[in-house]
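K.L.:
Sending over a structure as structure tokens; questions will come in a sec.
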Amino acid sequence: MKNIKKYIAVIGLLTTIVSCDNLQDLNVNPSFPVDVSAQALMPPIEQQMAVGLQFDNRYLGRYVQYFSNATTGNEWDRYGYVANNDQGGEIWKMAYFSIGLNLTRMQEKAVAEERHDITGISKVIRAWSWQVATDYHSELIDFDQAFTQRMSFDYVGQEQVYAEVLRLINEGVVDLARTDGKVSSTYTAVGDKMYNGDRAKWTKFAWGVVARNLNNQINKASYNPTAVIEACDKSLASNADNALISYNGSVSADSNFNGPGRNNISTFRQTDFMIRVMNGSVFTGAVDPRMSRILAPSIGTSETAPASAANPDPTKYTFIGNPLNTTASSTAGPSRIPNLWGTFLAGSITTPGRYIFRDKAPFPIMTYAEIQFIKAEAAFIKGDKVMALAAYKKGIEASIDFVNANTITSTTYPITTAISASEKSTFLANVNVVPAEANLTMSHIILQKYISLFGFGNLEAWTDMRKYRYDNVNIYKTMAFPTSLFVDNNGKLPYRVRPRFNSEYVWNFAALQAIGADKVDYHTIEMWFSKP
């Protein structure tokens, strides 16, 4: 017994001597240093900004009716969720794990080395991640508790998150303006794959986050359209300022998540509403030239042959409703529905793909077109239709130019060519698309923004949808919702996505109960930003 007691005493002494910090030293591999530069931390952090959105866009795409699943009755197509599962949890993981402490370490290193530009970038990325996470989930983990050694974490309300985003942006913009210390665009560019160390562009991106934050609050008495417009004017000034995450596309590991090489979206099909906002049904008779470049036309018996007698007119588009009909996955006959790559086959690294659904296509985090539509919305609410129409038109033009920049010319199926100058001008001259100032409506602005965000800006499209409470009479004209919603919705449409299952429902359930997230219809509770 004495020997056992001595053994226990020795173990206790060792436990006291070997602290948590010392334990890290036990696994040091000189070939893979733990202490890396801020410069080296930046590329994976920026990549994870895209990954979080890309993973969860598969589910948000159904909520906003960009696309639906090729099987009948999918939970997300019915505006529900999959219980006890991490589907829809990648943005949470991105904010707290994938970016998480890595971003904290990057900022700490930057502060210590007086690299104020990287300090500013760190704060802007953190603000962006909180904005994305709260617009997706609502309540977030208390900022003083996040990234600390605790067994449970409390939540703070969305109003506090919105304020924290603005605080971080203000600090980040100040840091980005500094020229003292060791600020160096050359040094930062080595790690910064989004803006190549360009502080001016990071500052514009920061103001874009402000524009989103302020404009999401249109239902609040405190909403200030002038402040939104000012933020837009300080934000992205052209497509050259677009925040894009790039891919090499030669191997699956370095390919766009939406590309065929990753084979992540082969089961998705474009919806009836997405077709109707582009084929002249909603914008009376105005066929959108972007349609043939971003959506997949029908094909007949041949998988790769151009249009011919054996293949129907490639300008014919078939679609699926929401929720899906039982013929959605059919591969027989001329009306069969291709996937978003324009094929029926499983994806591979040799499949061409289309638009942003290509292995080498960049993934947009924010675009100039979006900023112009935000400005148009704010100006419209302010009552300045001259400004609203000008920004609205710039948004459409920028979207068309972005589509052109991502159109790969092909003479085989699916046939694609760049949008010509005449196509562009004809479309913009159509009064059903660009009306006189007096005839401009909020529906024009929101639906053209909706088109411009197709396939990448799903969260921003959903945020608009919730701001306008799924209004399919005045805004989302002719959009139809499932007659049989997910059983746990209790007849209501969703306003939030539940927190990540494995981190929260498994380990932090008591805190979830405090905010009502233990209820099966928690996802239908309206957001703070959408309420008066």
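Residues are referred to by chain and number: the chain letter is A, B, ... according to the order shown in the structure tokens, the number counts from 1 in that chain, and ligands are numbered separately from 1 in the order shown.
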What parts of region 85-204 of chain A does DSSP call strand (DSSP E or B)? I'd like the answer as a PyMOL selection string.
P.N.:
chain A and resi 140-141+155-156
K.L.:
For the contact check between region 252-300 of chain A and region 479-488 of chain A, emit one row per residue of region 252-300 of chain A within 10 Å, containing the shortest atom pair and the distance in Å rounded to one decimal, counting only C-alpha atoms, chain then rising number order, as CSV.
P.N.:
residue,atom,partner,partner_atom,distance
A:Asp272,CA,A:Met479,CA,8.7
A:Phe273,CA,A:Met479,CA,6.0
A:Met274,CA,A:Met479,CA,9.3
A:Arg276,CA,A:Met479,CA,9.1
A:Val277,CA,A:Met479,CA,9.6
A:Val282,CA,A:Met479,CA,9.8
K.L.:
Go ahead and save the residues from that selection, with all heavy atoms, as an mmCIF file, in the first residue's frame.
P.N.:
data_model
loop_
_atom_site.group_PDB
_atom_site.id
_atom_site.type_symbol
_atom_site.label_atom_id
_atom_site.label_comp_id
_atom_site.auth_asym_id
_atom_site.auth_seq_id
_atom_site.Cartn_x
_atom_site.Cartn_y
_atom_site.Cartn_z
ATOM 1 N N ASP A 272 -37.153 25.595 -60.743
ATOM 2 C CA ASP A 272 -38.069 26.323 -61.616
ATOM 3 C C ASP A 272 -37.952 27.825 -61.399
ATOM 4 O O ASP A 272 -37.957 28.606 -62.350
ATOM 5 C CB ASP A 272 -39.520 25.850 -61.414
ATOM 6 C CG ASP A 272 -39.987 25.928 -59.966
ATOM 7 O OD1 ASP A 272 -39.137 26.103 -59.067
ATOM 8 O OD2 ASP A 272 -41.203 25.801 -59.730
ATOM 9 N N PHE A 273 -37.825 28.277 -60.134
ATOM 10 C CA PHE A 273 -37.772 29.718 -59.889
ATOM 11 C C PHE A 273 -36.499 30.326 -60.476
ATOM 12 O O PHE A 273 -36.550 31.420 -61.057
ATOM 13 C CB PHE A 273 -37.854 30.027 -58.392
ATOM 14 C CG PHE A 273 -37.943 31.502 -58.108
ATOM 15 C CD1 PHE A 273 -39.094 32.218 -58.405
ATOM 16 C CD2 PHE A 273 -36.867 32.188 -57.559
ATOM 17 C CE1 PHE A 273 -39.183 33.579 -58.172
ATOM 18 C CE2 PHE A 273 -36.942 33.554 -57.314
ATOM 19 C CZ PHE A 273 -38.103 34.245 -57.626
ATOM 20 N N MET A 274 -35.382 29.629 -60.367
ATOM 21 C CA MET A 274 -34.134 30.160 -60.922
ATOM 22 C C MET A 274 -34.242 30.293 -62.433
ATOM 23 O O MET A 274 -33.720 31.247 -63.021
ATOM 24 C CB MET A 274 -32.955 29.245 -60.554
ATOM 25 C CG MET A 274 -31.593 29.858 -60.857
ATOM 26 S SD MET A 274 -31.306 31.398 -59.958
ATOM 27 C CE MET A 274 -30.199 32.248 -61.074
ATOM 28 N N ARG A 276 -37.130 30.822 -64.056
ATOM 29 C CA ARG A 276 -38.136 31.837 -64.373
ATOM 30 C C ARG A 276 -37.645 33.266 -64.179
ATOM 31 O O ARG A 276 -38.126 34.177 -64.843
ATOM 32 C CB ARG A 276 -39.415 31.577 -63.567
ATOM 33 C CG ARG A 276 -40.234 30.430 -64.156
ATOM 34 C CD ARG A 276 -41.584 30.231 -63.509
ATOM 35 N NE ARG A 276 -41.473 29.550 -62.226
ATOM 36 C CZ ARG A 276 -41.645 30.137 -61.053
ATOM 37 N NH1 ARG A 276 -41.953 31.430 -61.001
ATOM 38 N NH2 ARG A 276 -41.522 29.468 -59.934
ATOM 39 N N VAL A 277 -36.683 33.488 -63.271
ATOM 40 C CA VAL A 277 -36.178 34.857 -63.128
ATOM 41 C C VAL A 277 -35.230 35.211 -64.272
ATOM 42 O O VAL A 277 -34.839 36.384 -64.408
ATOM 43 C CB VAL A 277 -35.448 35.073 -61.776
ATOM 44 C CG1 VAL A 277 -36.406 34.967 -60.615
ATOM 45 C CG2 VAL A 277 -34.266 34.131 -61.610
ATOM 46 N N VAL A 282 -40.480 36.155 -65.197
ATOM 47 C CA VAL A 282 -40.623 37.153 -64.133
ATOM 48 C C VAL A 282 -40.348 38.551 -64.669
ATOM 49 O O VAL A 282 -41.120 39.483 -64.420
ATOM 50 C CB VAL A 282 -39.695 36.824 -62.947
ATOM 51 C CG1 VAL A 282 -39.730 37.942 -61.916
ATOM 52 C CG2 VAL A 282 -40.109 35.492 -62.307
#
K.L.:
Quick one: everything within 8 Å of Ser122 (chain A), counting only C-alpha atoms, minus sequence neighbours fewer than 4 positions away in the same chain. Send it as a PyMOL selection string.
P.N.:
chain A and resi 103-104+106-107+118+126+172
K.L.:
Which is closest to Ile337 (chain A) among A:Phe268, A:Tyr470, A:Trp92, A:Trp76, if we use only C-alpha atoms?
P.N.:
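Checking each candidate against Ile337 (chain A), we get A:Phe268 as the closest.
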K.L.:
Would you kindly return, as a ChimeraX atom specification, each protein, DNA or RNA residue with an atom no farther than 10 Å from any atom of region 441-453 of chain A, considering only C-alpha atoms and excluding same-chain residues fewer than 6 positions away?
P.N.:
/A:64,66,274,277-278,282-283,288,290-291,294,364,366-367,369-377,380-381,385,388-389,391-393,395-396,398-400,402-403,432-435,459-462,464-465,468,471-477
K.L.:
Report the distance between CA of Asp117 (chain A) and CA of Lys93 (chain A) in Å, rounded to one decimal place.
P.N.:
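Here the two named atoms are 26.0 Å from each other.
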K.L.:
Please identify all polymer residues within 7 Å of Lys360 (chain A), counting only C-alpha atoms, omitting same-chain residues fewer than 2 positions from it, and present them as number ranges by chain.
P.N.:
A: 247-249, 255-256, 358, 362
K.L.:
Within 12 Å of Ala177 (chain A), counting only C-alpha atoms, which residues show up once you throw out same-chain ones fewer than 2 positions away? Write them as a list of chain:residue names, please.
P.N.:
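Listed by chain and then number, they are A:Arg115, A:His116, A:Asp117, A:Ile118, A:Thr119, A:Gly120, A:Ile121, A:Asn170, A:Glu171, A:Gly172, A:Val173, A:Val174, A:Asp175, A:Thr179, A:Asp180, A:Gly181, A:Val183, A:Asp198, A:Arg199, A:Ala200, A:Lys201, A:Trp202, A:Thr203, A:Lys204.
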K.L.:
Would you list the contacts of Arg105 (chain A) as an MDAnalysis selection string, taking every protein, DNA or RNA residue within 12 Å and counting only C-alpha atoms, but skipping same-chain residues closer than 2 positions in sequence?
P.N.:
chainID A and resid 34:42 45 99:103 107:112 118:119 122:123 147
K.L.:
Restricting it to N, CA and C atoms, dump the selection as a short mmCIF file (atom, residue, chain, number, x, y, z; two decimals), in the first residue's frame.
P.N.:
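Saved as result-v8.cif:
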data_model
loop_
_atom_site.label_atom_id
_atom_site.label_comp_id
_atom_site.auth_asym_id
_atom_site.auth_seq_id
_atom_site.Cartn_x
_atom_site.Cartn_y
_atom_site.Cartn_z
N VAL A 34 5.84 24.43 -34.81
CA VAL A 34 4.55 24.88 -34.30
C VAL A 34 4.44 26.40 -34.39
N ASP A 35 5.55 27.07 -34.14
CA ASP A 35 5.57 28.54 -34.16
C ASP A 35 5.88 29.01 -35.58
N VAL A 36 4.84 29.40 -36.31
CA VAL A 36 5.02 29.82 -37.70
C VAL A 36 4.72 31.30 -37.82
N SER A 37 5.13 31.90 -38.90
CA SER A 37 4.95 33.33 -39.10
C SER A 37 3.50 33.66 -39.42
N ALA A 38 3.13 34.92 -39.20
CA ALA A 38 1.80 35.40 -39.58
C ALA A 38 1.59 35.23 -41.06
N GLN A 39 2.64 35.44 -41.80
CA GLN A 39 2.63 35.30 -43.26
C GLN A 39 2.21 33.90 -43.68
N ALA A 40 2.73 32.88 -42.96
CA ALA A 40 2.45 31.49 -43.31
C ALA A 40 1.05 31.04 -42.89
N LEU A 41 0.48 31.70 -41.89
CA LEU A 41 -0.85 31.33 -41.42
C LEU A 41 -1.95 31.83 -42.34
N MET A 42 -1.66 32.85 -43.12
CA MET A 42 -2.70 33.53 -43.89
C MET A 42 -3.35 32.67 -44.99
N ILE A 45 -6.06 30.22 -43.75
CA ILE A 45 -7.18 30.96 -43.16
C ILE A 45 -8.09 31.49 -44.27
N ILE A 99 -10.80 28.58 -38.81
CA ILE A 99 -10.16 29.89 -38.69
C ILE A 99 -9.79 30.11 -37.23
N GLY A 100 -10.78 30.16 -36.37
CA GLY A 100 -10.62 30.15 -34.93
C GLY A 100 -9.32 30.66 -34.35
N LEU A 101 -8.62 29.75 -33.62
CA LEU A 101 -7.37 30.11 -32.96
C LEU A 101 -6.25 30.41 -33.94
N ASN A 102 -6.34 29.87 -35.15
CA ASN A 102 -5.32 30.19 -36.15
C ASN A 102 -5.29 31.69 -36.42
N LEU A 103 -6.47 32.29 -36.48
CA LEU A 103 -6.55 33.73 -36.70
C LEU A 103 -6.04 34.50 -35.49
N GLN A 107 -2.90 37.12 -35.56
CA GLN A 107 -2.96 38.50 -35.06
C GLN A 107 -1.91 38.72 -33.98
N GLU A 108 -1.73 37.76 -33.08
CA GLU A 108 -0.72 37.90 -32.03
C GLU A 108 0.68 38.04 -32.63
N LYS A 109 0.98 37.23 -33.63
CA LYS A 109 2.29 37.31 -34.28
C LYS A 109 2.46 38.66 -34.96
N ALA A 110 1.42 39.12 -35.62
CA ALA A 110 1.49 40.39 -36.34
C ALA A 110 1.71 41.55 -35.38
N VAL A 111 1.02 41.53 -34.24
CA VAL A 111 1.18 42.59 -33.25
C VAL A 111 2.61 42.59 -32.72
N ALA A 112 3.11 41.40 -32.37
CA ALA A 112 4.47 41.29 -31.83
C ALA A 112 5.52 41.77 -32.82
N ILE A 118 -1.12 43.23 -41.35
CA ILE A 118 -1.64 41.89 -41.07
C ILE A 118 -2.53 41.91 -39.84
N THR A 119 -2.20 42.77 -38.87
CA THR A 119 -3.10 42.94 -37.72
C THR A 119 -4.47 43.41 -38.19
N SER A 122 -6.32 40.67 -39.95
CA SER A 122 -6.82 39.68 -38.97
C SER A 122 -8.14 40.13 -38.37
N LYS A 123 -8.22 41.40 -38.02
CA LYS A 123 -9.45 41.92 -37.40
C LYS A 123 -10.60 41.95 -38.40
N PHE A 147 -12.51 30.53 -27.44
CA PHE A 147 -11.08 30.24 -27.53
C PHE A 147 -10.39 30.24 -26.16
#
K.L.:
Write out as an MDAnalysis selection string all residues of region 107-162 of chain A that backbone DSSP assigns to alpha helix (DSSP H).
P.N.:
chainID A and resid 107:112 116:137 158:162
K.L.:
May I ask which of the residues A:Glu46, A:Glu90, A:Glu139, A:Asp359 is the closest one to Asn406 (chain A), counting only C-alpha atoms?
P.N.:
A:Asp359
